[in-house]
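Listing of protein-v9.cif; format and content: mmCIF, C-alpha atoms.
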data_coords
loop_
_atom_site.group_PDB
_atom_site.id
_atom_site.type_symbol
_atom_site.label_atom_id
_atom_site.label_comp_id
_atom_site.auth_asym_id
_atom_site.auth_seq_id
_atom_site.Cartn_x
_atom_site.Cartn_y
_atom_site.Cartn_z
ATOM 1 C CA MET A 1381 -112.276 -86.071 -36.196
ATOM 2 C CA SER A 1382 -111.449 -89.601 -37.144
ATOM 3 C CA ASN A 1383 -108.503 -91.804 -36.467
ATOM 4 C CA VAL A 1384 -106.365 -93.381 -39.130
ATOM 5 C CA SER A 1385 -106.345 -97.178 -38.941
ATOM 6 C CA PRO A 1386 -104.307 -98.254 -35.882
ATOM 7 C CA SER A 1387 -103.132 -101.414 -37.680
ATOM 8 C CA GLY A 1388 -101.168 -99.147 -40.011
ATOM 9 C CA PRO A 1389 -98.342 -99.961 -42.373
ATOM 10 C CA PRO A 1390 -95.405 -102.254 -41.660
ATOM 11 C CA MET A 1391 -92.697 -101.069 -39.306
ATOM 12 C CA ALA A 1392 -90.817 -98.157 -40.875
ATOM 13 C CA ALA A 1393 -87.495 -96.576 -40.068
ATOM 14 C CA SER A 1394 -88.811 -93.691 -37.946
ATOM 15 C CA PRO A 1395 -92.049 -92.814 -36.139
ATOM 16 C CA LEU A 1396 -92.626 -89.980 -38.625
ATOM 17 C CA THR A 1397 -92.134 -92.238 -41.661
ATOM 18 C CA ARG A 1398 -94.499 -94.728 -40.083
ATOM 19 C CA ALA A 1399 -97.127 -92.006 -39.539
ATOM 20 C CA VAL A 1400 -96.797 -90.775 -43.148
ATOM 21 C CA LEU A 1401 -97.239 -94.296 -44.512
ATOM 22 C CA GLU A 1402 -100.207 -94.887 -42.201
ATOM 23 C CA ILE A 1403 -101.892 -91.707 -43.476
ATOM 24 C CA ASP A 1404 -101.055 -92.653 -47.092
ATOM 25 C CA GLU A 1405 -102.686 -96.053 -46.540
ATOM 26 C CA TYR A 1406 -105.766 -94.399 -45.018
ATOM 27 C CA ALA A 1407 -106.051 -91.922 -47.908
ATOM 28 C CA SER A 1408 -105.610 -94.763 -50.388
ATOM 29 C CA GLY A 1409 -108.582 -96.547 -48.834
ATOM 30 C CA LEU A 1410 -110.740 -93.475 -49.531
ATOM 31 C CA GLY A 1411 -109.935 -93.589 -53.245
ATOM 32 C CA TRP A 1412 -108.857 -90.844 -55.601
ATOM 33 C CA ASP A 1413 -110.360 -87.428 -56.347
ATOM 34 C CA GLN A 1414 -110.508 -86.541 -52.655
ATOM 35 C CA PRO A 1415 -110.117 -83.103 -51.066
ATOM 36 C CA ALA A 1416 -106.963 -82.223 -49.158
ATOM 37 C CA ARG A 1417 -106.946 -83.623 -45.606
ATOM 38 C CA LEU A 1418 -105.162 -82.278 -42.528
ATOM 39 C CA PHE A 1419 -104.009 -84.393 -39.575
ATOM 40 C CA ALA A 1420 -102.643 -83.593 -36.138
ATOM 41 C CA LEU A 1421 -99.858 -85.939 -35.026
ATOM 42 C CA VAL A 1422 -99.919 -86.673 -31.318
ATOM 43 C CA ASP A 1423 -97.636 -88.725 -29.098
ATOM 44 C CA THR A 1424 -99.531 -91.986 -28.572
ATOM 45 C CA ALA A 1425 -98.225 -92.669 -25.039
ATOM 46 C CA GLN A 1426 -98.990 -89.101 -23.954
ATOM 47 C CA LEU A 1427 -102.481 -89.345 -25.473
ATOM 48 C CA ARG A 1428 -103.151 -92.561 -23.525
ATOM 49 C CA SER A 1429 -102.048 -91.044 -20.222
ATOM 50 C CA GLN A 1430 -103.608 -87.571 -20.581
ATOM 51 C CA GLU A 1431 -106.766 -88.408 -22.567
ATOM 52 C CA PRO A 1432 -107.623 -92.071 -21.857
ATOM 53 C CA GLY A 1433 -111.214 -91.639 -23.056
ATOM 54 C CA LEU A 1434 -110.131 -90.199 -26.398
ATOM 55 C CA ALA A 1435 -107.393 -92.829 -26.746
ATOM 56 C CA SER A 1436 -109.981 -95.543 -26.171
ATOM 57 C CA GLN A 1437 -112.366 -93.925 -28.671
ATOM 58 C CA LEU A 1438 -109.533 -93.943 -31.242
ATOM 59 C CA GLY A 1439 -108.850 -97.634 -30.594
ATOM 60 C CA LEU A 1440 -105.557 -97.001 -28.777
ATOM 61 C CA GLY A 1441 -105.855 -99.364 -25.825
ATOM 62 C CA SER A 1442 -102.837 -100.330 -23.777
ATOM 63 C CA ASP A 1443 -101.264 -102.117 -26.768
ATOM 64 C CA GLU A 1444 -97.572 -101.240 -26.525
ATOM 65 C CA SER A 1445 -97.003 -102.135 -30.193
ATOM 66 C CA ALA A 1446 -99.050 -99.122 -31.321
ATOM 67 C CA ALA A 1447 -97.247 -96.543 -33.438
ATOM 68 C CA PRO A 1448 -95.457 -93.799 -31.438
ATOM 69 C CA LEU A 1449 -97.401 -91.086 -33.303
ATOM 70 C CA THR A 1450 -101.165 -91.151 -33.762
ATOM 71 C CA PRO A 1451 -102.594 -89.221 -36.733
ATOM 72 C CA ILE A 1452 -105.957 -87.579 -35.995
ATOM 73 C CA GLU A 1453 -107.858 -86.183 -38.956
ATOM 74 C CA GLN A 1454 -109.011 -82.603 -38.498
ATOM 75 C CA ASP A 1455 -112.184 -80.944 -39.738
ATOM 76 C CA GLU A 1456 -112.578 -80.552 -43.468
ATOM 77 C CA ILE A 1457 -110.436 -77.939 -45.187
ATOM 78 C CA PRO A 1458 -112.611 -75.154 -46.644
ATOM 79 C CA ALA A 1459 -113.194 -75.754 -50.369
ATOM 80 C CA GLY A 1460 -111.969 -73.069 -52.727
ATOM 81 C CA ARG A 1461 -109.523 -71.562 -50.239
ATOM 82 C CA PRO A 1462 -105.824 -71.681 -51.199
ATOM 83 C CA LEU A 1463 -103.936 -74.156 -48.976
ATOM 84 C CA ASP A 1464 -101.186 -71.689 -48.044
ATOM 85 C CA GLU A 1465 -103.817 -69.159 -46.938
ATOM 86 C CA PHE A 1466 -105.664 -71.825 -44.914
ATOM 87 C CA LEU A 1467 -102.468 -73.115 -43.286
ATOM 88 C CA GLY A 1468 -101.590 -69.557 -42.282
ATOM 89 C CA THR A 1469 -104.627 -69.562 -39.962
ATOM 90 C CA ILE A 1470 -103.595 -72.641 -37.971
ATOM 91 C CA ALA A 1471 -102.057 -72.585 -34.496
ATOM 92 C CA TRP A 1472 -101.623 -76.013 -32.897
ATOM 93 C CA PRO A 1473 -101.956 -76.624 -29.133
ATOM 94 C CA ASP A 1474 -98.858 -77.820 -27.292
ATOM 95 C CA ALA A 1475 -100.139 -81.416 -27.184
ATOM 96 C CA VAL A 1476 -99.744 -81.690 -30.973
ATOM 97 C CA ALA A 1477 -96.276 -83.030 -31.836
ATOM 98 C CA GLY A 1478 -96.622 -82.490 -35.570
ATOM 99 C CA CYS A 1479 -99.029 -82.318 -38.462
ATOM 100 C CA ALA A 1480 -99.550 -83.894 -41.849
ATOM 101 C CA MET A 1481 -101.533 -83.252 -44.991
ATOM 102 C CA THR A 1482 -102.597 -85.293 -47.983
ATOM 103 C CA VAL A 1483 -103.243 -83.501 -51.240
ATOM 104 C CA GLU A 1484 -103.734 -84.640 -54.833
ATOM 105 C CA ARG A 1485 -102.103 -82.789 -57.702
ATOM 106 C CA LEU A 1486 -101.250 -83.118 -61.371
ATOM 107 C CA MET A 1487 -97.542 -83.412 -62.050
ATOM 108 C CA LEU A 1488 -95.448 -83.260 -65.197
ATOM 109 C CA PRO A 1489 -92.072 -84.904 -65.770
ATOM 110 C CA PRO A 1490 -89.083 -82.503 -65.724
ATOM 111 C CA SER A 1491 -88.761 -82.941 -69.508
ATOM 112 C CA ALA A 1492 -92.063 -81.085 -69.975
ATOM 113 C CA GLU A 1493 -90.832 -77.908 -68.249
ATOM 114 C CA ALA A 1494 -89.150 -76.624 -71.400
ATOM 115 C CA SER A 1495 -92.453 -76.712 -73.299
ATOM 116 C CA VAL A 1496 -94.469 -74.581 -70.844
ATOM 117 C CA PRO A 1497 -95.852 -71.594 -72.786
ATOM 118 C CA ASP A 1498 -94.669 -68.176 -71.627
ATOM 119 C CA GLY A 1499 -97.006 -65.717 -69.948
ATOM 120 C CA LEU A 1500 -99.515 -68.139 -68.432
ATOM 121 C CA ASP A 1501 -101.230 -67.077 -65.223
ATOM 122 C CA GLU A 1502 -101.883 -69.682 -62.504
ATOM 123 C CA ALA A 1503 -105.250 -70.719 -63.952
ATOM 124 C CA GLY A 1504 -103.825 -70.928 -67.472
ATOM 125 C CA LEU A 1505 -100.911 -73.032 -66.293
ATOM 126 C CA ALA A 1506 -103.251 -75.403 -64.415
ATOM 127 C CA LYS A 1507 -105.365 -75.813 -67.555
ATOM 128 C CA TRP A 1508 -102.264 -76.423 -69.694
ATOM 129 C CA VAL A 1509 -100.938 -79.076 -67.256
ATOM 130 C CA ALA A 1510 -104.359 -80.789 -67.079
ATOM 131 C CA ALA A 1511 -104.388 -81.130 -70.886
ATOM 132 C CA HIS A 1512 -100.749 -82.296 -71.199
ATOM 133 C CA PRO A 1513 -100.446 -85.916 -72.416
ATOM 134 C CA ASP A 1514 -97.601 -86.704 -69.966
ATOM 135 C CA ARG A 1515 -99.411 -85.486 -66.833
ATOM 136 C CA GLN A 1516 -99.546 -87.791 -63.837
ATOM 137 C CA GLU A 1517 -101.965 -87.700 -60.934
ATOM 138 C CA VAL A 1518 -100.132 -87.912 -57.634
ATOM 139 C CA ARG A 1519 -101.209 -88.043 -53.992
ATOM 140 C CA MET A 1520 -98.716 -86.372 -51.695
ATOM 141 C CA THR A 1521 -98.667 -86.986 -47.960
ATOM 142 C CA VAL A 1522 -96.344 -84.627 -46.105
ATOM 143 C CA ALA A 1523 -95.682 -84.522 -42.359
ATOM 144 C CA VAL A 1524 -93.586 -82.310 -40.112
ATOM 145 C CA LEU A 1525 -92.780 -82.370 -36.408
ATOM 146 C CA ARG A 1526 -92.245 -79.405 -34.106
ATOM 147 C CA ASP A 1527 -88.533 -80.259 -33.954
ATOM 148 C CA GLY A 1528 -88.220 -79.731 -37.728
ATOM 149 C CA ALA A 1529 -88.230 -83.395 -38.838
ATOM 150 C CA ARG A 1530 -90.002 -83.937 -42.166
ATOM 151 C CA GLU A 1531 -91.229 -86.885 -44.202
ATOM 152 C CA SER A 1532 -93.227 -87.318 -47.403
ATOM 153 C CA ALA A 1533 -94.878 -90.093 -49.368
ATOM 154 C CA LEU A 1534 -95.830 -89.900 -53.047
ATOM 155 C CA ARG A 1535 -98.253 -92.266 -54.762
ATOM 156 C CA LEU A 1536 -98.968 -92.094 -58.485
ATOM 157 C CA ARG A 1537 -102.509 -92.919 -59.535
ATOM 158 C CA GLU A 1538 -101.245 -95.160 -62.335
ATOM 159 C CA LYS A 1539 -99.111 -97.121 -59.841
ATOM 160 C CA ASP A 1540 -101.599 -97.182 -56.977
ATOM 161 C CA SER A 1541 -99.979 -99.837 -54.805
ATOM 162 C CA PRO A 1542 -98.382 -99.725 -51.322
ATOM 163 C CA THR A 1543 -95.193 -101.185 -52.845
ATOM 164 C CA GLU A 1544 -94.962 -98.244 -55.283
ATOM 165 C CA VAL A 1545 -95.035 -95.450 -52.673
ATOM 166 C CA LEU A 1546 -91.948 -93.237 -52.755
ATOM 167 C CA THR A 1547 -90.830 -91.750 -49.427
ATOM 168 C CA GLY A 1548 -88.287 -89.086 -48.543
ATOM 169 C CA ALA A 1549 -87.851 -86.003 -46.391
ATOM 170 C CA ASP A 1550 -87.504 -83.485 -49.242
ATOM 171 C CA LEU A 1551 -89.967 -84.687 -51.889
ATOM 172 C CA VAL A 1552 -92.446 -81.817 -51.408
ATOM 173 C CA PRO A 1553 -90.420 -78.987 -49.811
ATOM 174 C CA GLY A 1554 -92.988 -76.214 -50.355
ATOM 175 C CA LEU A 1555 -95.784 -78.044 -48.552
ATOM 176 C CA ALA A 1556 -93.381 -79.132 -45.804
ATOM 177 C CA GLU A 1557 -92.387 -75.468 -45.273
ATOM 178 C CA ALA A 1558 -96.039 -74.410 -45.116
ATOM 179 C CA LEU A 1559 -96.851 -77.130 -42.576
ATOM 180 C CA ALA A 1560 -93.767 -76.285 -40.490
ATOM 181 C CA ALA A 1561 -94.892 -72.639 -40.401
ATOM 182 C CA THR A 1562 -98.031 -73.720 -38.498
ATOM 183 C CA PHE A 1563 -95.740 -74.313 -35.494
ATOM 184 C CA ALA A 1564 -93.926 -70.966 -35.701
#

For the structure just supplied, provide its representation as structure tokens.
Amino acid sequence: MSNVSPSGPPMAASPLTRAVLEIDEYASGLGWDQPARLFALVDTAQLRSQEPGLASQLGLGSDESAAPLTPIEQDEIPAGRPLDEFLGTIAWPDAVAGCAMTVERLMLPPSAEASVPDGLDEAGLAKWVAAHPDRQEVRMTVAVLRDGARESALRLREKDSPTEVLTGADLVPGLAEALAATFA
């Protein structure tokens, strides 16, 4: 496990938005063409009081300005295993307030949907998208809390800058649903 940088992004509207932007910044520092990454989100104050050794190891001293949620990267996601199948095996302990995931994908603009050939299987569709001239590489960071709150951040490879990150609760609803199901 490793901690995402405690310095994090600038103050954001909510603790969850702040955590998503902190994870996006961390993933950005690793560069592109990375595997999917899974994070537990824990209450920082609770972590300090219940696990002071771990909090210290993660660089979370008694600094009251620390973010309310601390992202903790989990072990590597098994390569070659579908994400929905992998997420279906997760059960979080009570101390985990939420979870987040970063994943890179190819995306097409809505205008390209009409030109998708009929009858493609999943592999054929992926190949077709990868060859499309209007494809965009995107890194998606999605987080959910036990109480149902959601947040997402999208970063396009061609606009790889913290000022170009799009945030919103419903940007990646399928992944948000899959992450929320890990708390069911």

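Relative to atom CA of Leu1525 of chain A, atom CA of Glu1431 of chain A is found at 20.6 Å.
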
Got a sec: who's within 8 Å of segment 1476-1481 of chain A, counting only C-alpha atoms, leaving out chain neighbours fewer than 6 positions off, as a PDB file with C-alpha atoms, in the frame of the given file?
ATOM      1  CA  VAL A1400     -96.797 -90.775 -43.148  1.00  0.00           C
ATOM      2  CA  ALA A1416    -106.963 -82.223 -49.158  1.00  0.00           C
ATOM      3  CA  ARG A1417    -106.946 -83.623 -45.606  1.00  0.00           C
ATOM      4  CA  LEU A1418    -105.162 -82.278 -42.528  1.00  0.00           C
ATOM      5  CA  PHE A1419    -104.009 -84.393 -39.575  1.00  0.00           C
ATOM      6  CA  ALA A1420    -102.643 -83.593 -36.138  1.00  0.00           C
ATOM      7  CA  LEU A1421     -99.858 -85.939 -35.026  1.00  0.00           C
ATOM      8  CA  VAL A1422     -99.919 -86.673 -31.318  1.00  0.00           C
ATOM      9  CA  ASP A1423     -97.636 -88.725 -29.098  1.00  0.00           C
ATOM     10  CA  PRO A1451    -102.594 -89.221 -36.733  1.00  0.00           C
ATOM     11  CA  MET A1520     -98.716 -86.372 -51.695  1.00  0.00           C
ATOM     12  CA  THR A1521     -98.667 -86.986 -47.960  1.00  0.00           C
ATOM     13  CA  VAL A1522     -96.344 -84.627 -46.105  1.00  0.00           C
ATOM     14  CA  ALA A1523     -95.682 -84.522 -42.359  1.00  0.00           C
ATOM     15  CA  VAL A1524     -93.586 -82.310 -40.112  1.00  0.00           C
ATOM     16  CA  LEU A1525     -92.780 -82.370 -36.408  1.00  0.00           C
ATOM     17  CA  ARG A1526     -92.245 -79.405 -34.106  1.00  0.00           C
ATOM     18  CA  LEU A1559     -96.851 -77.130 -42.576  1.00  0.00           C
TER      19      LEU A1559
END

Under the rule that only C-alpha atoms are counted, which of A:Ala1510, A:Ala1494, A:Ile1470, A:Ala1399 is the nearest residue to Ser1532 of chain A? A:Ala1399

To one decimal place, how far is atom CA of Pro1415 of chain A from atom CA of Glu1544 of chain A in Å?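 Between atom CA of Pro1415 of chain A and atom CA of Glu1544 of chain A the gap works out to 21.8 Å.
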
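With all atoms listed in the file as the basis for measurement, A:Leu1449 is the residue among A:Ala1560, A:Leu1449, A:Leu1488, A:Leu1434 that approaches Leu1401 of chain A most closely.
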
Which residues would end up in the selection if the PyMOL selection byres ((chain A and resi 1425) around 10) were applied here, given that I need the answer as a PDB file with C-alpha atoms, in the coordinates of the input?
ATOM      1  CA  VAL A1422     -99.919 -86.673 -31.318  1.00  0.00           C
ATOM      2  CA  ASP A1423     -97.636 -88.725 -29.098  1.00  0.00           C
ATOM      3  CA  THR A1424     -99.531 -91.986 -28.572  1.00  0.00           C
ATOM      4  CA  GLN A1426     -98.990 -89.101 -23.954  1.00  0.00           C
ATOM      5  CA  LEU A1427    -102.481 -89.345 -25.473  1.00  0.00           C
ATOM      6  CA  ARG A1428    -103.151 -92.561 -23.525  1.00  0.00           C
ATOM      7  CA  SER A1429    -102.048 -91.044 -20.222  1.00  0.00           C
ATOM      8  CA  GLN A1430    -103.608 -87.571 -20.581  1.00  0.00           C
ATOM      9  CA  GLU A1431    -106.766 -88.408 -22.567  1.00  0.00           C
ATOM     10  CA  PRO A1432    -107.623 -92.071 -21.857  1.00  0.00           C
ATOM     11  CA  ALA A1435    -107.393 -92.829 -26.746  1.00  0.00           C
ATOM     12  CA  LEU A1440    -105.557 -97.001 -28.777  1.00  0.00           C
ATOM     13  CA  SER A1442    -102.837-100.330 -23.777  1.00  0.00           C
ATOM     14  CA  GLU A1444     -97.572-101.240 -26.525  1.00  0.00           C
ATOM     15  CA  ALA A1446     -99.050 -99.122 -31.321  1.00  0.00           C
ATOM     16  CA  ALA A1447     -97.247 -96.543 -33.438  1.00  0.00           C
ATOM     17  CA  PRO A1448     -95.457 -93.799 -31.438  1.00  0.00           C
ATOM     18  CA  LEU A1449     -97.401 -91.086 -33.303  1.00  0.00           C
ATOM     19  CA  THR A1450    -101.165 -91.151 -33.762  1.00  0.00           C
TER      20      THR A1450
END

With distances taken over all atoms listed in the file, which of A:Glu1531, A:Asp1464, A:Glu1502, A:Glu1493 is nearest to Thr1397 of chain A?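 Closest to Thr1397 of chain A, using all atoms listed in the file: A:Glu1531.
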
Given the file shown, determine the residues that the PyMOL selection byres ((chain A and resi 1458) around 12) selects; report them as a PyMOL selection string. chain A and resi 1415-1418+1454-1457+1459-1463+1465-1467+1469

So that I have them on file, write out the residues from the current selection with C-alpha atoms, as a PDB file, in the coordinates of the input.
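Listed below is the output, result.pdb:
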ATOM      1  CA  PRO A1415    -110.117 -83.103 -51.066  1.00  0.00           C
ATOM      2  CA  ALA A1416    -106.963 -82.223 -49.158  1.00  0.00           C
ATOM      3  CA  ARG A1417    -106.946 -83.623 -45.606  1.00  0.00           C
ATOM      4  CA  LEU A1418    -105.162 -82.278 -42.528  1.00  0.00           C
ATOM      5  CA  GLN A1454    -109.011 -82.603 -38.498  1.00  0.00           C
ATOM      6  CA  ASP A1455    -112.184 -80.944 -39.738  1.00  0.00           C
ATOM      7  CA  GLU A1456    -112.578 -80.552 -43.468  1.00  0.00           C
ATOM      8  CA  ILE A1457    -110.436 -77.939 -45.187  1.00  0.00           C
ATOM      9  CA  ALA A1459    -113.194 -75.754 -50.369  1.00  0.00           C
ATOM     10  CA  GLY A1460    -111.969 -73.069 -52.727  1.00  0.00           C
ATOM     11  CA  ARG A1461    -109.523 -71.562 -50.239  1.00  0.00           C
ATOM     12  CA  PRO A1462    -105.824 -71.681 -51.199  1.00  0.00           C
ATOM     13  CA  LEU A1463    -103.936 -74.156 -48.976  1.00  0.00           C
ATOM     14  CA  GLU A1465    -103.817 -69.159 -46.938  1.00  0.00           C
ATOM     15  CA  PHE A1466    -105.664 -71.825 -44.914  1.00  0.00           C
ATOM     16  CA  LEU A1467    -102.468 -73.115 -43.286  1.00  0.00           C
ATOM     17  CA  THR A1469    -104.627 -69.562 -39.962  1.00  0.00           C
TER      18      THR A1469
END

Just how far from atom CA of Tyr1406 of chain A is atom CA of Asp1527 of chain A, in Å to one decimal? 24.9 Å

From the options A:Leu1500, A:Leu1546, A:Met1487, A:Ala1475, which residue's atoms come nearest to Pro1513 of chain A, counting all atoms listed in the file? A:Met1487

Using the incomplete input, complete segment 1392-1410 of chain A to the level of N, CA and C atoms; output as a short mmCIF file (atom, residue, chain, number, x, y, z; two decimals), in the coordinates of the input.
data_model
loop_
_atom_site.label_atom_id
_atom_site.label_comp_id
_atom_site.auth_asym_id
_atom_site.auth_seq_id
_atom_site.Cartn_x
_atom_site.Cartn_y
_atom_site.Cartn_z
N ALA A 1392 -91.66 -99.01 -40.04
CA ALA A 1392 -90.82 -98.16 -40.88
C ALA A 1392 -89.66 -97.64 -40.04
N ALA A 1393 -88.74 -97.00 -40.70
CA ALA A 1393 -87.50 -96.58 -40.07
C ALA A 1393 -87.71 -95.61 -38.90
N SER A 1394 -88.61 -94.67 -39.02
CA SER A 1394 -88.81 -93.69 -37.95
C SER A 1394 -90.30 -93.56 -37.65
N PRO A 1395 -90.63 -93.04 -36.46
CA PRO A 1395 -92.05 -92.81 -36.14
C PRO A 1395 -92.74 -91.90 -37.16
N LEU A 1396 -92.02 -90.89 -37.67
CA LEU A 1396 -92.63 -89.98 -38.62
C LEU A 1396 -92.88 -90.68 -39.97
N THR A 1397 -91.94 -91.48 -40.42
CA THR A 1397 -92.13 -92.24 -41.66
C THR A 1397 -93.32 -93.18 -41.50
N ARG A 1398 -93.40 -93.81 -40.36
CA ARG A 1398 -94.50 -94.73 -40.08
C ARG A 1398 -95.84 -94.00 -40.12
N ALA A 1399 -95.90 -92.80 -39.54
CA ALA A 1399 -97.13 -92.01 -39.54
C ALA A 1399 -97.51 -91.59 -40.96
N VAL A 1400 -96.53 -91.18 -41.76
CA VAL A 1400 -96.80 -90.78 -43.15
C VAL A 1400 -97.35 -91.95 -43.95
N LEU A 1401 -96.77 -93.12 -43.78
CA LEU A 1401 -97.24 -94.30 -44.51
C LEU A 1401 -98.62 -94.73 -44.03
N GLU A 1402 -98.89 -94.56 -42.74
CA GLU A 1402 -100.21 -94.89 -42.20
C GLU A 1402 -101.27 -93.96 -42.79
N ILE A 1403 -100.96 -92.67 -42.89
CA ILE A 1403 -101.89 -91.71 -43.48
C ILE A 1403 -102.07 -91.99 -44.97
N ASP A 1404 -100.97 -92.31 -45.67
CA ASP A 1404 -101.06 -92.65 -47.09
C ASP A 1404 -101.98 -93.85 -47.30
N GLU A 1405 -101.84 -94.86 -46.45
CA GLU A 1405 -102.69 -96.05 -46.54
C GLU A 1405 -104.16 -95.69 -46.30
N TYR A 1406 -104.41 -94.85 -45.31
CA TYR A 1406 -105.77 -94.40 -45.02
C TYR A 1406 -106.36 -93.65 -46.22
N ALA A 1407 -105.58 -92.70 -46.76
CA ALA A 1407 -106.05 -91.92 -47.91
C ALA A 1407 -106.29 -92.83 -49.12
N SER A 1408 -105.45 -93.82 -49.29
CA SER A 1408 -105.61 -94.76 -50.39
C SER A 1408 -106.94 -95.50 -50.28
N GLY A 1409 -107.33 -95.85 -49.06
CA GLY A 1409 -108.58 -96.55 -48.83
C GLY A 1409 -109.80 -95.70 -49.17
N LEU A 1410 -109.63 -94.38 -49.20
CA LEU A 1410 -110.74 -93.48 -49.53
C LEU A 1410 -110.90 -93.31 -51.03
#
